[in-house]
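protein_34.pdb (PDB, C-alpha atoms)
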ATOM      1  CA  MET A   9     -49.326 -54.511 -13.267
ATOM      2  CA  LEU A  10     -45.749 -55.429 -14.098
ATOM      3  CA  THR A  11     -44.870 -56.199 -17.695
ATOM      4  CA  ARG A  12     -42.596 -59.066 -18.690
ATOM      5  CA  THR A  13     -39.890 -56.499 -19.409
ATOM      6  CA  ASP A  14     -40.322 -55.030 -15.916
ATOM      7  CA  ILE A  15     -39.875 -58.472 -14.374
ATOM      8  CA  ARG A  16     -36.805 -59.312 -16.478
ATOM      9  CA  ILE A  17     -35.158 -55.993 -15.599
ATOM     10  CA  ASN A  18     -35.958 -56.423 -11.910
ATOM     11  CA  ARG A  19     -34.485 -59.922 -11.946
ATOM     12  CA  LEU A  20     -31.291 -58.544 -13.460
ATOM     13  CA  LEU A  21     -31.175 -55.733 -10.894
ATOM     14  CA  PHE A  22     -31.804 -58.203  -8.074
ATOM     15  CA  ALA A  23     -28.967 -60.472  -9.179
ATOM     16  CA  THR A  24     -26.565 -57.559  -9.793
ATOM     17  CA  LEU A  25     -27.225 -55.659  -6.577
ATOM     18  CA  ALA A  26     -27.296 -58.773  -4.396
ATOM     19  CA  ALA A  27     -23.971 -59.858  -5.925
ATOM     20  CA  LEU A  28     -22.533 -56.394  -5.325
ATOM     21  CA  GLN A  29     -23.464 -56.499  -1.645
ATOM     22  CA  LEU A  30     -22.065 -60.016  -1.287
ATOM     23  CA  PHE A  31     -18.896 -58.744  -2.949
ATOM     24  CA  MET A  32     -18.556 -56.168  -0.152
ATOM     25  CA  ILE A  33     -18.924 -58.872   2.498
ATOM     26  CA  LEU A  34     -16.637 -61.431   0.837
ATOM     27  CA  LEU A  35     -14.113 -58.941  -0.583
ATOM     28  CA  PRO A  36     -11.133 -60.231   1.466
ATOM     29  CA  LEU A  37     -11.451 -63.583  -0.319
ATOM     30  CA  THR A  38     -10.840 -61.928  -3.710
ATOM     31  CA  GLY A  39      -7.401 -60.549  -2.964
ATOM     32  CA  LEU A  40      -8.441 -57.077  -4.109
ATOM     33  CA  SER A  41      -7.702 -53.918  -2.147
ATOM     34  CA  HIS A  42     -10.052 -53.487   0.807
ATOM     35  CA  ALA A  43     -10.838 -49.995  -0.489
ATOM     36  CA  TRP A  44     -13.139 -51.692  -3.013
ATOM     37  CA  ALA A  45     -15.596 -52.179  -0.135
ATOM     38  CA  LEU A  46     -16.744 -48.617  -0.739
ATOM     39  CA  LEU A  47     -17.974 -49.394  -4.254
ATOM     40  CA  PRO A  48     -21.135 -51.339  -3.275
ATOM     41  CA  ALA A  49     -21.930 -48.663  -0.698
ATOM     42  CA  LEU A  50     -22.057 -46.053  -3.457
ATOM     43  CA  PHE A  51     -25.063 -47.923  -4.877
ATOM     44  CA  THR A  52     -26.899 -47.902  -1.553
ATOM     45  CA  ASN A  53     -29.792 -45.808  -2.848
ATOM     46  CA  THR A  54     -30.261 -48.074  -5.860
ATOM     47  CA  PHE A  55     -30.246 -51.018  -3.465
ATOM     48  CA  TRP A  56     -32.848 -49.352  -1.235
ATOM     49  CA  SER A  57     -35.014 -48.512  -4.261
ATOM     50  CA  LEU A  58     -35.110 -52.188  -5.197
ATOM     51  CA  ILE A  59     -36.093 -53.123  -1.629
ATOM     52  CA  HIS A  60     -38.780 -50.447  -1.988
ATOM     53  CA  GLU A  61     -40.150 -52.275  -5.023
ATOM     54  CA  ALA A  62     -40.443 -55.439  -2.916
ATOM     55  CA  ILE A  63     -42.160 -53.481  -0.133
ATOM     56  CA  HIS A  64     -44.932 -52.492  -2.532
ATOM     57  CA  GLY A  65     -45.056 -55.928  -4.179
ATOM     58  CA  HIS A  66     -43.532 -54.670  -7.437
ATOM     59  CA  LEU A  67     -40.296 -56.646  -7.476
ATOM     60  CA  PHE A  68     -41.387 -59.898  -9.092
ATOM     61  CA  ALA A  69     -44.518 -61.335 -10.704
ATOM     62  CA  SER A  70     -46.238 -62.310  -7.435
ATOM     63  CA  ARG A  71     -46.394 -60.640  -4.050
ATOM     64  CA  LYS A  72     -45.127 -63.836  -2.393
ATOM     65  CA  THR A  73     -41.951 -63.947  -4.494
ATOM     66  CA  SER A  74     -41.522 -60.191  -4.067
ATOM     67  CA  ILE A  75     -41.559 -60.651  -0.282
ATOM     68  CA  LEU A  76     -39.075 -63.534  -0.522
ATOM     69  CA  GLY A  77     -36.805 -61.404  -2.703
ATOM     70  CA  GLY A  78     -37.262 -58.516  -0.298
ATOM     71  CA  ARG A  79     -36.178 -60.702   2.622
ATOM     72  CA  VAL A  80     -32.977 -61.636   0.781
ATOM     73  CA  LEU A  81     -32.258 -57.983   0.002
ATOM     74  CA  GLY A  82     -33.127 -56.955   3.564
ATOM     75  CA  ILE A  83     -30.606 -59.427   4.965
ATOM     76  CA  LEU A  84     -27.882 -57.980   2.742
ATOM     77  CA  TYR A  85     -29.029 -54.460   3.676
ATOM     78  CA  GLY A  86     -28.800 -55.272   7.381
ATOM     79  CA  ALA A  87     -32.420 -55.139   8.591
ATOM     80  CA  PRO A  88     -35.342 -57.614   8.453
ATOM     81  CA  PHE A  89     -37.607 -56.980   5.486
ATOM     82  CA  HIS A  90     -40.857 -56.880   7.465
ATOM     83  CA  VAL A  91     -39.460 -54.117   9.685
ATOM     84  CA  LEU A  92     -38.510 -52.090   6.606
ATOM     85  CA  GLN A  93     -41.855 -52.804   4.942
ATOM     86  CA  ARG A  94     -43.959 -51.783   7.927
ATOM     87  CA  GLY A  95     -41.847 -48.682   8.488
ATOM     88  CA  HIS A  96     -42.296 -47.554   4.902
ATOM     89  CA  LEU A  97     -46.041 -48.231   4.822
ATOM     90  CA  LEU A  98     -46.395 -46.219   8.039
ATOM     91  CA  HIS A  99     -44.495 -43.458   6.254
ATOM     92  CA  HIS A 100     -47.195 -43.414   3.573
ATOM     93  CA  ALA A 101     -49.900 -43.285   6.237
ATOM     94  CA  TYR A 102     -48.375 -40.711   8.601
ATOM     95  CA  SER A 103     -45.885 -38.592   6.647
ATOM     96  CA  ARG A 104     -46.089 -34.911   7.735
ATOM     97  CA  THR A 105     -48.505 -35.755  10.554
ATOM     98  CA  PRO A 106     -47.415 -35.498  14.209
ATOM     99  CA  ARG A 107     -46.240 -39.132  14.081
ATOM    100  CA  GLU A 108     -43.639 -38.439  11.376
ATOM    101  CA  ARG A 109     -42.244 -34.923  11.008
ATOM    102  CA  THR A 110     -38.503 -35.429  10.974
ATOM    103  CA  GLU A 111     -37.405 -31.799  11.021
ATOM    104  CA  ILE A 112     -40.280 -30.343  13.076
ATOM    105  CA  TYR A 113     -39.950 -29.605  16.780
ATOM    106  CA  ASP A 114     -41.911 -27.577  19.330
ATOM    107  CA  SER A 115     -39.809 -24.990  21.181
ATOM    108  CA  ARG A 116     -42.377 -25.025  23.995
ATOM    109  CA  LYS A 117     -41.428 -28.631  24.743
ATOM    110  CA  GLN A 118     -37.844 -28.980  23.490
ATOM    111  CA  ASN A 119     -34.906 -26.578  23.204
ATOM    112  CA  ARG A 120     -33.254 -26.046  19.831
ATOM    113  CA  LEU A 121     -29.970 -27.704  20.820
ATOM    114  CA  ALA A 122     -31.720 -30.969  21.702
ATOM    115  CA  ALA A 123     -33.782 -30.738  18.509
ATOM    116  CA  CYS A 124     -30.624 -30.216  16.448
ATOM    117  CA  LEU A 125     -28.850 -33.174  18.037
ATOM    118  CA  ARG A 126     -31.816 -35.441  17.335
ATOM    119  CA  TYR A 127     -32.365 -34.133  13.814
ATOM    120  CA  TYR A 128     -28.772 -34.165  12.552
ATOM    121  CA  ALA A 129     -28.154 -37.568  14.130
ATOM    122  CA  GLN A 130     -31.112 -38.943  12.165
ATOM    123  CA  ILE A 131     -30.306 -37.460   8.743
ATOM    124  CA  LEU A 132     -26.549 -38.128   8.929
ATOM    125  CA  GLY A 133     -26.822 -41.862   9.545
ATOM    126  CA  GLY A 134     -29.126 -42.454  12.482
ATOM    127  CA  LEU A 135     -32.116 -43.619  10.459
ATOM    128  CA  TYR A 136     -30.237 -46.619   9.060
ATOM    129  CA  ILE A 137     -28.687 -47.418  12.444
ATOM    130  CA  ALA A 138     -32.157 -47.366  14.029
ATOM    131  CA  GLU A 139     -33.437 -49.797  11.375
ATOM    132  CA  VAL A 140     -30.574 -52.201  12.058
ATOM    133  CA  LEU A 141     -30.871 -51.995  15.844
ATOM    134  CA  THR A 142     -34.643 -52.483  15.702
ATOM    135  CA  GLY A 143     -34.187 -55.663  13.705
ATOM    136  CA  LEU A 144     -31.606 -57.038  16.138
ATOM    137  CA  LEU A 145     -33.806 -56.111  19.109
ATOM    138  CA  LEU A 146     -36.769 -57.981  17.647
ATOM    139  CA  MET A 147     -34.631 -61.092  17.313
ATOM    140  CA  LEU A 148     -34.241 -61.190  21.090
ATOM    141  CA  LEU A 149     -37.876 -60.691  22.081
ATOM    142  CA  PRO A 150     -40.832 -63.101  21.985
ATOM    143  CA  ALA A 151     -44.047 -61.872  20.383
ATOM    144  CA  SER A 152     -45.501 -61.041  23.810
ATOM    145  CA  GLY A 153     -42.420 -58.957  24.620
ATOM    146  CA  ILE A 154     -42.750 -57.049  21.359
ATOM    147  CA  ARG A 155     -46.406 -56.299  22.123
ATOM    148  CA  TRP A 156     -45.486 -55.088  25.604
ATOM    149  CA  LEU A 157     -42.746 -52.858  24.194
ATOM    150  CA  SER A 158     -45.077 -51.438  21.537
ATOM    151  CA  ARG A 159     -47.553 -50.405  24.249
ATOM    152  CA  LYS A 160     -44.803 -48.854  26.348
ATOM    153  CA  LEU A 161     -43.421 -46.863  23.412
ATOM    154  CA  GLU A 162     -46.752 -45.860  21.887
ATOM    155  CA  SER A 163     -46.901 -42.088  21.478
ATOM    156  CA  PRO A 164     -48.938 -39.746  19.241
ATOM    157  CA  ASP A 165     -45.702 -38.223  17.940
ATOM    158  CA  SER A 166     -43.990 -41.448  16.888
ATOM    159  CA  VAL A 167     -44.556 -44.461  14.616
ATOM    160  CA  VAL A 168     -42.594 -46.779  16.917
ATOM    161  CA  GLY A 169     -45.736 -48.123  18.631
ATOM    162  CA  PRO A 170     -47.555 -49.262  15.472
ATOM    163  CA  LEU A 171     -44.279 -50.406  13.927
ATOM    164  CA  LEU A 172     -43.535 -52.764  16.802
ATOM    165  CA  ASP A 173     -47.154 -53.843  17.217
ATOM    166  CA  ALA A 174     -47.207 -55.150  13.633
ATOM    167  CA  GLN A 175     -44.028 -57.150  14.298
ATOM    168  CA  SER A 176     -45.675 -58.942  17.236
ATOM    169  CA  GLN A 177     -47.708 -61.119  14.873
ATOM    170  CA  PRO A 178     -46.313 -64.673  15.200
ATOM    171  CA  ASP A 179     -45.401 -65.008  11.507
ATOM    172  CA  LYS A 180     -43.673 -61.616  11.438
ATOM    173  CA  ALA A 181     -41.889 -62.270  14.737
ATOM    174  CA  LEU A 182     -40.583 -65.597  13.426
ATOM    175  CA  SER A 183     -39.377 -64.263  10.062
ATOM    176  CA  ASN A 184     -37.769 -61.246  11.772
ATOM    177  CA  ARG A 185     -35.870 -63.517  14.148
ATOM    178  CA  GLN A 186     -34.752 -65.707  11.268
ATOM    179  CA  ASP A 187     -33.635 -62.739   9.162
ATOM    180  CA  ALA A 188     -31.937 -60.964  12.070
ATOM    181  CA  LEU A 189     -30.009 -64.119  12.974
ATOM    182  CA  VAL A 190     -28.746 -64.491   9.389
ATOM    183  CA  ILE A 191     -27.845 -60.772   9.332
ATOM    184  CA  LEU A 192     -25.896 -61.096  12.560
ATOM    185  CA  LEU A 193     -24.030 -64.199  11.383
ATOM    186  CA  LEU A 194     -23.335 -62.649   7.969
ATOM    187  CA  PHE A 195     -21.800 -59.454   9.309
ATOM    188  CA  VAL A 196     -19.879 -61.162  12.108
ATOM    189  CA  ALA A 197     -18.372 -63.360   9.388
ATOM    190  CA  ALA A 198     -17.653 -60.271   7.273
ATOM    191  CA  PHE A 199     -15.732 -58.525  10.058
ATOM    192  CA  TRP A 200     -13.888 -61.786  10.772
ATOM    193  CA  LEU A 201     -12.849 -62.019   7.112
ATOM    194  CA  TYR A 202     -11.629 -58.415   7.017
ATOM    195  CA  GLU A 203      -9.451 -58.984  10.116
ATOM    196  CA  GLU A 204      -7.215 -55.911  10.669
ATOM    197  CA  ALA A 205      -8.775 -54.229   7.604
ATOM    198  CA  TRP A 206     -12.141 -53.983   9.429
ATOM    199  CA  PRO A 207     -12.108 -50.130   9.214
ATOM    200  CA  TRP A 208     -12.776 -50.440   5.466
ATOM    201  CA  LEU A 209     -15.929 -52.486   6.067
ATOM    202  CA  THR A 210     -16.960 -50.069   8.811
ATOM    203  CA  ALA A 211     -16.423 -47.140   6.434
ATOM    204  CA  ALA A 212     -18.586 -48.838   3.793
ATOM    205  CA  LEU A 213     -21.402 -49.405   6.283
ATOM    206  CA  MET A 214     -21.105 -45.829   7.547
ATOM    207  CA  LEU A 215     -21.356 -44.598   3.954
ATOM    208  CA  ARG A 216     -24.468 -46.758   3.514
ATOM    209  CA  ALA A 217     -25.957 -45.301   6.701
ATOM    210  CA  PHE A 218     -25.249 -41.748   5.553
ATOM    211  CA  LEU A 219     -26.689 -42.160   2.051
ATOM    212  CA  ILE A 220     -29.889 -43.830   3.275
ATOM    213  CA  SER A 221     -30.459 -41.324   6.059
ATOM    214  CA  PHE A 222     -29.478 -38.179   4.143
ATOM    215  CA  PHE A 223     -31.749 -38.852   1.191
ATOM    216  CA  ASP A 224     -34.725 -40.028   3.250
ATOM    217  CA  ASN A 225     -36.259 -36.740   4.407
ATOM    218  CA  SER A 226     -35.043 -34.570   1.518
ATOM    219  CA  TYR A 227     -38.333 -35.308  -0.275
ATOM    220  CA  HIS A 228     -40.342 -33.932   2.654
ATOM    221  CA  TYR A 229     -38.253 -31.221   4.299
ATOM    222  CA  ALA A 230     -40.270 -28.019   4.810
ATOM    223  CA  THR A 231     -43.283 -29.370   2.920
ATOM    224  CA  PRO A 232     -46.881 -28.798   4.117
ATOM    225  CA  LEU A 233     -47.894 -30.473   7.363
ATOM    226  CA  ASP A 234     -50.764 -32.946   7.740
ATOM    227  CA  ALA A 235     -50.518 -33.965   4.091
ATOM    228  CA  PRO A 236     -49.401 -37.633   3.885
ATOM    229  CA  GLN A 237     -49.742 -37.754   0.105
ATOM    230  CA  HIS A 238     -47.601 -34.668  -0.403
ATOM    231  CA  ALA A 239     -43.927 -35.004  -1.335
ATOM    232  CA  LEU A 240     -41.422 -33.396  -3.683
ATOM    233  CA  ASN A 241     -40.284 -34.653  -7.053
ATOM    234  CA  LEU A 242     -36.544 -34.025  -7.211
ATOM    235  CA  ASP A 243     -35.110 -33.217 -10.619
ATOM    236  CA  ALA A 244     -31.959 -35.080 -11.605
ATOM    237  CA  PRO A 245     -30.139 -35.962 -14.855
ATOM    238  CA  PRO A 246     -31.666 -38.977 -16.650
ATOM    239  CA  TRP A 247     -28.747 -41.211 -15.676
ATOM    240  CA  LEU A 248     -29.328 -40.426 -12.006
ATOM    241  CA  ASP A 249     -33.070 -41.072 -12.381
ATOM    242  CA  LEU A 250     -32.027 -44.528 -13.544
ATOM    243  CA  VAL A 251     -29.554 -45.053 -10.693
ATOM    244  CA  LEU A 252     -32.236 -44.100  -8.167
ATOM    245  CA  LEU A 253     -34.859 -46.203  -9.994
ATOM    246  CA  ASN A 254     -37.017 -43.048 -10.154
ATOM    247  CA  PHE A 255     -37.233 -42.901  -6.356
ATOM    248  CA  ASN A 256     -36.535 -39.174  -6.680
ATOM    249  CA  ARG A 257     -40.016 -38.892  -8.240
ATOM    250  CA  HIS A 258     -41.233 -39.238  -4.690
ATOM    251  CA  GLY A 259     -44.234 -36.963  -4.960
ATOM    252  CA  THR A 260     -45.562 -39.016  -7.854
ATOM    253  CA  HIS A 261     -44.928 -42.185  -5.854
ATOM    254  CA  HIS A 262     -46.987 -40.857  -2.946
ATOM    255  CA  GLN A 263     -49.806 -40.103  -5.370
ATOM    256  CA  HIS A 264     -49.500 -43.456  -7.166
ATOM    257  CA  PRO A 265     -47.920 -46.038  -4.801
ATOM    258  CA  SER A 266     -49.247 -48.913  -6.918
ATOM    259  CA  LEU A 267     -46.896 -48.068  -9.803
ATOM    260  CA  GLY A 268     -43.590 -49.878 -10.251
ATOM    261  CA  TRP A 269     -40.446 -47.825 -10.780
ATOM    262  CA  ARG A 270     -40.463 -47.966 -14.582
ATOM    263  CA  ALA A 271     -44.153 -47.003 -14.830
ATOM    264  CA  LEU A 272     -43.496 -44.237 -12.302
ATOM    265  CA  GLY A 273     -40.965 -42.689 -14.672
ATOM    266  CA  ASN A 274     -43.620 -42.465 -17.390
ATOM    267  CA  GLN A 275     -46.335 -41.009 -15.146
ATOM    268  CA  ALA A 276     -47.168 -37.370 -15.818
ATOM    269  CA  ASP A 277     -47.706 -35.497 -12.554
ATOM    270  CA  LEU A 278     -48.542 -31.808 -12.379
ATOM    271  CA  ARG A 279     -49.640 -31.896  -8.726
ATOM    272  CA  SER A 280     -46.318 -32.572  -7.002
ATOM    273  CA  PRO A 281     -43.928 -29.598  -6.734
ATOM    274  CA  ARG A 282     -40.434 -29.990  -8.168
ATOM    275  CA  LEU A 283     -37.033 -29.117  -6.784
ATOM    276  CA  GLY A 284     -33.482 -29.842  -7.816
ATOM    277  CA  LEU A 285     -32.035 -32.923  -6.131
ATOM    278  CA  VAL A 286     -28.861 -31.202  -4.913
ATOM    279  CA  THR A 287     -30.866 -28.216  -3.662
ATOM    280  CA  ALA A 288     -33.216 -30.496  -1.741
ATOM    281  CA  LEU A 289     -30.361 -32.433  -0.170
ATOM    282  CA  LEU A 290     -28.478 -29.339   0.933
ATOM    283  CA  ARG A 291     -31.383 -27.243   2.194
ATOM    284  CA  GLN A 292     -32.201 -29.789   4.885
ATOM    285  CA  LEU A 293     -28.877 -28.869   6.483
ATOM    286  CA  LYS A 294     -30.611 -25.685   7.643
ATOM    287  CA  GLY A 295     -31.751 -27.802  10.548
ATOM    288  CA  PRO A 296     -34.930 -28.436  12.493
ATOM    289  CA  VAL A 297     -37.939 -26.146  12.125
ATOM    290  CA  ASP A 298     -39.853 -24.746  15.100
ATOM    291  CA  ILE A 299     -43.554 -25.450  14.603
ATOM    292  CA  THR A 300     -44.473 -22.350  16.625
ATOM    293  CA  LYS A 301     -42.901 -20.194  13.890
ATOM    294  CA  LEU A 302     -44.912 -21.747  11.077
ATOM    295  CA  SER A 303     -47.882 -19.697   9.931
TER
END

Any chance you could give the structure as structure tokens?
Amino acid sequence: MLTRTDIRINRLLFATLAALQLFMILLPLTGLSHAWALLPALFTNTFWSLIHEAIHGHLFASRKTSILGGRVLGILYGAPFHVLQRGHLLHHAYSRTPRERTEIYDSRKQNRLAACLRYYAQILGGLYIAEVLTGLLLMLLPASGIRWLSRKLESPDSVVGPLLDAQSQPDKALSNRQDALVILLLFVAAFWLYEEAWPWLTAALMLRAFLISFFDNSYHYATPLDAPQHALNLDAPPWLDLVLLNFNRHGTHHQHPSLGWRALGNQADLRSPRLGLVTALLRQLKGPVDITKLS
């Protein structure tokens, strides 16, 4: 249950972060140096954490307004909200199971070079790019086409099938098309405004892609398999806890997904193992892990 203070703070965060992302898009109209486009991208993980609150219905007082707010944030992020929401809820259901083991590969089925290419592409920006491309793809397909694609792509080692199947519902298909169309128009307009300075906007979006993708699996790298509720809590200075909206307390979140970000910070949790944030981020650079070598 959100308190009035929670709601007021979330409203302020919503207004601030949405304005910051709009600033990145409309920057050429301000007359400032195009290098300022990188500033909003530096707050990508804060931005994602606020979308995460909407995903779990913790953004505003009601779930309906949380979803509406989430759709606005998703548009500014670059992917339809319902795609992000379903993807994250599938993460809670299937994390560390065969459907979602980012760094795990089977050397009996895939060589290490191919596994490395897939893995590093995902953690160095590919996750965000996949979210954006999925949203744009769904804009083009009718609900029947999405259902057909979900059946074609269904696999026991992927969440793509159930992700797409959920988007085939008429209401989801419609809202995804609406959101994706606004996203497309918004970013076409942004690149048009930047004109010859478009590399600065591209750099900002690449930085966003890197930060989202690089942080994503750091909470789960080399953690026990077949344990969806298991995740690491990553220790960080208090100011960084605040910047991340306590998203680094990921193990506690998996244990208590009904808690908003402020309540999460006050939740005592002795079950989730802890690791330093920088250590967790860097150790995933060791690369993919062969499941045949796990005891």

**OP:** Write out as a ChimeraX atom specification each polymer residue whose atoms come within 12 Å of Ala151 (chain A), counting all atoms listed in the file; drop sequence neighbours fewer than 3 positions from it.
**Re:** /A:145-148,154-158,172-185

How about saving the chosen residues, C-alpha atoms kept, as a compact mmCIF listing (two decimals), in the coordinates of the input?
# COMPACT_ATOMS: atom_id res chain seq x y z
CA LEU A 145 -33.81 -56.11 19.11
CA LEU A 146 -36.77 -57.98 17.65
CA MET A 147 -34.63 -61.09 17.31
CA LEU A 148 -34.24 -61.19 21.09
CA ILE A 154 -42.75 -57.05 21.36
CA ARG A 155 -46.41 -56.30 22.12
CA TRP A 156 -45.49 -55.09 25.60
CA LEU A 157 -42.75 -52.86 24.19
CA SER A 158 -45.08 -51.44 21.54
CA LEU A 172 -43.54 -52.76 16.80
CA ASP A 173 -47.15 -53.84 17.22
CA ALA A 174 -47.21 -55.15 13.63
CA GLN A 175 -44.03 -57.15 14.30
CA SER A 176 -45.68 -58.94 17.24
CA GLN A 177 -47.71 -61.12 14.87
CA PRO A 178 -46.31 -64.67 15.20
CA ASP A 179 -45.40 -65.01 11.51
CA LYS A 180 -43.67 -61.62 11.44
CA ALA A 181 -41.89 -62.27 14.74
CA LEU A 182 -40.58 -65.60 13.43
CA SER A 183 -39.38 -64.26 10.06
CA ASN A 184 -37.77 -61.25 11.77
CA ARG A 185 -35.87 -63.52 14.15

**OP:** Using only C-alpha atoms, pick whichever of A:Thr142, A:Gln263, A:Gln292, A:Ser280 has the shortest atom-to-atom distance to Gln237 (chain A).
**Re:**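 Answer, going by the shortest atom-to-atom distance: A:Gln263.
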
**OP:** Report as a list in words the residues that result from applying the PyMOL selection byres ((chain A and resi 164) around 10) to the structure here.
**Re:** Thr105, Pro106, Arg107, Glu108, Leu161, Glu162, Ser163, Asp165, Ser166, Val167, Val168 and Gly169 of chain A

Original post:
Which one is closest to Leu193 (chain A): A:Ile33, A:Leu289, A:Ala62, A:Val297? Count all atoms listed in the file.
Top reply: A:Ile33

Original post:
Using all atoms listed in the file, which of A:Leu219, A:Ala288, A:Leu30, A:Ala23 sits nearest Ile131 (chain A)?
Top reply: A:Leu219

Original post:
What do you get, as a list in words, if you spell out every residue that the PyMOL selection byres ((chain A and resi 238) around 10) selects here?
Top reply: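 Output of the PyMOL selection byres ((chain A and resi 238) around 10): His100, Ser103, Arg104, Tyr227, His228, Thr231, Pro232, Leu233, Asp234, Ala235, Pro236, Gln237, Ala239, Leu240, Asn241, His258, Gly259, Thr260, His261, His262, Gln263, Arg279, Ser280 and Pro281 of chain A.
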
Original post:
Which of these, A:Ser115, A:Thr210, A:Ser226, A:Asn254, has the shortest distance to Ala43 (chain A) once you count only C-alpha atoms?
Top reply: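 Under the stated criterion, the closest residue is A:Thr210.
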